[in-house]
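This report refers to the structure that appears directly beneath it.
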Amino acid sequence: MLTIKEMEALLEKALPRKRFEHSIAVYKTAIELAKIHNADMEKVRVASLLHDCGREIPTRDNLLKAAELNIPIDEVEANQPILLHAKLGVYLAQHKYGVEDKETLNAILYHTTGAAGMSKIDMIVYLADLLEPKRGFFGIEEMRQLVKVDLERTMMKAYALTIKYLLEHDLLIHSNCIFGRNELAVKFKKMNQTF
Ligand SMILES: [Fe+2]
Ligand SMILES: [Fe+2]
């Protein structure tokens, strides 16, 4: 595996300026969250820095590139190929940046859709991507406060936000997003019943 500095240099060459700056912002946000939530710092650093490394492939080439690399393409990805930057990112993280750690790769894999059974590392990368300083949407400040206290409740809000957006724009909802959301909904429902 390369050092973080080496990864950063490679990433800077590979990504458009704005996407690289976003990656650094996510990296910094994720480090703060990892400190607060006591997550594995090394894994969070690598996963957050590289979460969008798949973006070096132009979106219009995603389907072809995924097919070429024998990456399975599901129905939602076939219709919204932008989603494939997560799987392509996992491939590049492994083969270009030398990442082998499964938990690090999983965080890259789940950063666009979310998923059921997300680890602390997965949630930190997902939420840092959504809440980095350059992002702005209604309710973001509340989420920036909540994420310091409760990753899962912030994920629940993030899913709601994403699903609303997808509905409003007539887009497809990936099953991982639904499974992830339902898993947390069940959990919080049970928690409320005990009180
Ligand atoms: Fe992304
Ligand atoms: Fe991102």
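Ordered as shown in the structure tokens, chains take letters A, B, and onward, while each chain numbers its residues from 1 and ligands are numbered from 1 in the order shown.
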
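Every residue having at least one atom no farther than 7 Å from ligand 1 is included below, with only C-alpha atoms and all ligand atoms taken into account: His51, Asp52, His85, Ala86, His111 and Thr112 of chain A.
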
Kindly save the residues from that selection, with N, CA and C atoms included, as a tab-separated table (two decimals), in the first residue's frame.
```
chain	number	residue	atom	x	y	z
A	51	HIS	N	-12.43	7.83	-1.56
A	51	HIS	CA	-13.83	7.42	-1.78
A	51	HIS	C	-14.30	7.73	-3.21
A	52	ASP	N	-13.82	8.82	-3.78
A	52	ASP	CA	-14.23	9.18	-5.15
A	52	ASP	C	-13.14	8.91	-6.19
A	85	HIS	N	-19.24	4.61	-9.98
A	85	HIS	CA	-17.93	5.14	-9.55
A	85	HIS	C	-17.51	4.54	-8.20
A	86	ALA	N	-18.48	4.01	-7.45
A	86	ALA	CA	-18.12	3.36	-6.19
A	86	ALA	C	-17.40	2.03	-6.45
A	111	HIS	N	-20.22	4.17	-0.24
A	111	HIS	CA	-20.33	5.62	-0.01
A	111	HIS	C	-21.40	6.31	-0.85
A	112	THR	N	-21.90	5.66	-1.89
A	112	THR	CA	-22.93	6.33	-2.70
A	112	THR	C	-24.35	5.91	-2.32
```

Query - 8 Å contact set for segment 152-166 of chain A, only C-alpha atoms, chain neighbours under 5 positions out, as a PyMOL selection string - result: chain A and resi 123+127+143+146-147+171-173+177+181+184-185

Write to file, as a compact mmCIF listing (two decimals), in the first residue's frame, the residues of the selection just made, with N, CA and C atoms.
```txt
# COMPACT_ATOMS: atom_id res chain seq x y z
N MET A 123 -20.02 4.45 7.82
CA MET A 123 -20.91 5.58 8.11
C MET A 123 -20.14 6.90 8.14
N LEU A 127 -21.07 9.90 5.65
CA LEU A 127 -21.57 11.16 6.21
C LEU A 127 -20.59 12.32 6.01
N MET A 143 -27.67 18.41 11.01
CA MET A 143 -27.00 17.13 10.76
C MET A 143 -25.53 17.18 11.17
N LEU A 146 -25.64 16.65 14.85
CA LEU A 146 -26.07 15.29 15.19
C LEU A 146 -24.98 14.25 14.90
N VAL A 147 -24.23 14.46 13.82
CA VAL A 147 -23.23 13.46 13.41
C VAL A 147 -22.12 13.31 14.46
N LEU A 171 -35.79 9.55 -10.05
CA LEU A 171 -34.64 8.65 -10.21
C LEU A 171 -34.90 7.31 -9.52
N LEU A 172 -34.06 6.33 -9.80
CA LEU A 172 -34.22 5.02 -9.17
C LEU A 172 -33.60 5.03 -7.77
N ILE A 173 -34.18 4.23 -6.90
CA ILE A 173 -33.65 4.09 -5.54
C ILE A 173 -32.94 2.75 -5.46
N CYS A 177 -29.81 1.25 -0.46
CA CYS A 177 -30.30 2.42 0.26
C CYS A 177 -31.56 2.04 1.06
N ARG A 181 -31.76 1.82 5.13
CA ARG A 181 -32.74 2.67 5.79
C ARG A 181 -33.69 1.84 6.66
N LEU A 184 -32.19 0.53 9.97
CA LEU A 184 -32.14 1.53 11.03
C LEU A 184 -33.54 1.86 11.54
N ALA A 185 -34.51 1.90 10.62
CA ALA A 185 -35.89 2.20 11.03
C ALA A 185 -36.39 1.16 12.02
```

Report task. Mind checking which residues fall within 12 Å of Leu64 of chain A, counting only C-alpha atoms, ignoring those fewer than 6 positions away in the same chain, and posting them as a VMD selection string? Result -> chain A and resid 57 to 58 70 to 73 78 81 84 88

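For the pair atom CA of Val99 of chain A and atom CA of Met1 of chain A, the separation is 5.5 Å.
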
Kindly provide the residues of chain A that approach ligand 2 to within 10 Å, each paired with its closest atom pair and their distance in Å to one decimal, based on only C-alpha atoms and all ligand atoms, listed by chain and increasing number, as a tab-separated table.
```
residue	atom	partner	partner_atom_place_in_ligand_line	distance
A:Arg19	CA	ligand 2	1 (Fe)	7.6
A:Phe20	CA	ligand 2	1 (Fe)	9.4
A:His22	CA	ligand 2	1 (Fe)	6.6
A:Ser23	CA	ligand 2	1 (Fe)	6.4
A:Ile24	CA	ligand 2	1 (Fe)	9.8
A:Ala25	CA	ligand 2	1 (Fe)	9.3
A:Val26	CA	ligand 2	1 (Fe)	7.2
A:Tyr27	CA	ligand 2	1 (Fe)	9.9
A:Ser48	CA	ligand 2	1 (Fe)	8.5
A:Leu49	CA	ligand 2	1 (Fe)	9.3
A:Leu50	CA	ligand 2	1 (Fe)	9.1
A:His51	CA	ligand 2	1 (Fe)	6.4
A:Asp52	CA	ligand 2	1 (Fe)	5.3
A:Cys53	CA	ligand 2	1 (Fe)	9.0
A:Arg55	CA	ligand 2	1 (Fe)	9.1
A:His85	CA	ligand 2	1 (Fe)	9.9
A:Ala86	CA	ligand 2	1 (Fe)	9.6
A:Ile108	CA	ligand 2	1 (Fe)	9.7
A:His111	CA	ligand 2	1 (Fe)	7.7
A:Thr112	CA	ligand 2	1 (Fe)	8.0
A:Val125	CA	ligand 2	1 (Fe)	9.0
A:Tyr126	CA	ligand 2	1 (Fe)	8.3
A:Leu127	CA	ligand 2	1 (Fe)	9.8
A:Ala128	CA	ligand 2	1 (Fe)	8.5
A:Asp129	CA	ligand 2	1 (Fe)	5.0
A:Leu130	CA	ligand 2	1 (Fe)	7.5
A:Glu132	CA	ligand 2	1 (Fe)	9.2
```

Those residues you just picked out, can you put them in a file as a short mmCIF file (atom, residue, chain, number, x, y, z; two decimals), in the first residue's frame with N, CA and C atoms?
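Generated file (out37.cif):
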```cif
data_model
loop_
_atom_site.label_atom_id
_atom_site.label_comp_id
_atom_site.auth_asym_id
_atom_site.auth_seq_id
_atom_site.Cartn_x
_atom_site.Cartn_y
_atom_site.Cartn_z
N ARG A 19 -13.07 17.97 -7.81
CA ARG A 19 -13.29 16.65 -7.21
C ARG A 19 -12.17 16.32 -6.24
N PHE A 20 -10.96 16.74 -6.58
CA PHE A 20 -9.83 16.52 -5.67
C PHE A 20 -10.02 17.34 -4.39
N HIS A 22 -12.78 18.37 -3.12
CA HIS A 22 -13.86 17.72 -2.37
C HIS A 22 -13.31 16.52 -1.59
N SER A 23 -12.45 15.73 -2.23
CA SER A 23 -11.88 14.55 -1.57
C SER A 23 -11.09 14.95 -0.33
N ILE A 24 -10.34 16.03 -0.43
CA ILE A 24 -9.56 16.50 0.72
C ILE A 24 -10.51 17.00 1.83
N ALA A 25 -11.58 17.66 1.42
CA ALA A 25 -12.55 18.15 2.41
C ALA A 25 -13.22 16.97 3.13
N VAL A 26 -13.55 15.93 2.39
CA VAL A 26 -14.15 14.73 2.99
C VAL A 26 -13.15 14.06 3.93
N TYR A 27 -11.92 14.00 3.49
CA TYR A 27 -10.83 13.43 4.29
C TYR A 27 -10.72 14.14 5.64
N SER A 48 -11.65 7.65 3.14
CA SER A 48 -12.24 8.96 2.84
C SER A 48 -11.47 9.66 1.73
N LEU A 49 -10.16 9.58 1.77
CA LEU A 49 -9.36 10.21 0.71
C LEU A 49 -9.69 9.61 -0.66
N LEU A 50 -9.84 8.29 -0.69
CA LEU A 50 -10.02 7.60 -1.98
C LEU A 50 -11.48 7.36 -2.36
N HIS A 51 -12.43 7.83 -1.56
CA HIS A 51 -13.83 7.42 -1.78
C HIS A 51 -14.30 7.73 -3.21
N ASP A 52 -13.82 8.82 -3.78
CA ASP A 52 -14.23 9.18 -5.15
C ASP A 52 -13.14 8.91 -6.19
N CYS A 53 -12.18 8.06 -5.88
CA CYS A 53 -11.08 7.84 -6.84
C CYS A 53 -11.61 7.24 -8.15
N ARG A 55 -13.89 8.34 -9.80
CA ARG A 55 -14.31 9.45 -10.65
C ARG A 55 -13.26 9.82 -11.70
N HIS A 85 -19.24 4.61 -9.98
CA HIS A 85 -17.93 5.14 -9.55
C HIS A 85 -17.51 4.54 -8.20
N ALA A 86 -18.48 4.01 -7.45
CA ALA A 86 -18.12 3.36 -6.19
C ALA A 86 -17.40 2.03 -6.45
N ILE A 108 -15.54 2.52 0.70
CA ILE A 108 -15.58 3.12 -0.65
C ILE A 108 -16.79 2.58 -1.42
N HIS A 111 -20.22 4.17 -0.24
CA HIS A 111 -20.33 5.62 -0.01
C HIS A 111 -21.40 6.31 -0.85
N THR A 112 -21.90 5.66 -1.89
CA THR A 112 -22.93 6.33 -2.70
C THR A 112 -24.35 5.91 -2.32
N VAL A 125 -17.43 7.71 6.48
CA VAL A 125 -17.08 8.12 5.12
C VAL A 125 -18.34 8.62 4.39
N TYR A 126 -19.43 7.89 4.53
CA TYR A 126 -20.69 8.29 3.89
C TYR A 126 -21.11 9.69 4.36
N LEU A 127 -21.07 9.90 5.65
CA LEU A 127 -21.57 11.16 6.21
C LEU A 127 -20.59 12.32 6.01
N ALA A 128 -19.30 12.03 6.01
CA ALA A 128 -18.32 13.08 5.73
C ALA A 128 -18.50 13.57 4.29
N ASP A 129 -18.81 12.64 3.40
CA ASP A 129 -19.07 12.98 1.99
C ASP A 129 -20.27 13.93 1.88
N LEU A 130 -21.27 13.66 2.67
CA LEU A 130 -22.51 14.47 2.63
C LEU A 130 -22.36 15.81 3.34
N GLU A 132 -19.35 17.55 4.35
CA GLU A 132 -18.10 18.34 4.27
C GLU A 132 -18.44 19.83 4.09
#
```

Requested in this report: Would you return as a ChimeraX atom specification the members of segment 4-136 of chain A that DSSP assigns to alpha helix (DSSP H) on this structure's backbone?
Outcome: /A:4-14,17-37,41-50,62-68,75-79,85-95,102-109,120-131

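Non-sequential neighbours of Glu56 of chain A (distance at most 9 Å, separation of 6 or more positions within a chain, only C-alpha atoms) are Leu11, Ala14, Leu15, Pro16, His85 and Gly89 of chain A.
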
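For the set A:Ile124, A:Met7, A:Arg60, A:Gly98, the residue with the smallest atom-to-atom gap to Glu32 of chain A is A:Ile124, counting only C-alpha atoms.
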
Query raised in the report: If you count only C-alpha atoms, which residues fall within 8 Å of Ala115 of chain A, apart from same-chain ones fewer than 4 positions away, as number ranges by chain?
Result: A: 110, 176-181

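Rounded to one decimal, atom CA of Arg45 of chain A and atom CA of Lys87 of chain A lie 18.7 Å from each other.
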
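Residue neighbourhood of segment 33-37 of chain A, excluding near-sequence residues (fewer than 2 positions): Thr29, Ala30, Ile31, Ala39, Asp40, Met41, Val44, Ile121, Ile124, Ala128, Val147 and Lys148 of chain A, at 8 Å, using only C-alpha atoms.
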
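In this structure, atom CA of Lys5 of chain A sits 18.7 Å away from atom CA of Lys18 of chain A.
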
Report task. Pick out the residues sitting within 12 Å of Asp101 of chain A, and hand them over as a ChimeraX atom specification; count only C-alpha atoms, and ignore anything fewer than 3 positions along from it in its own chain. Result -> /A:1,42-44,46-47,90,93-94,97-98,104-108
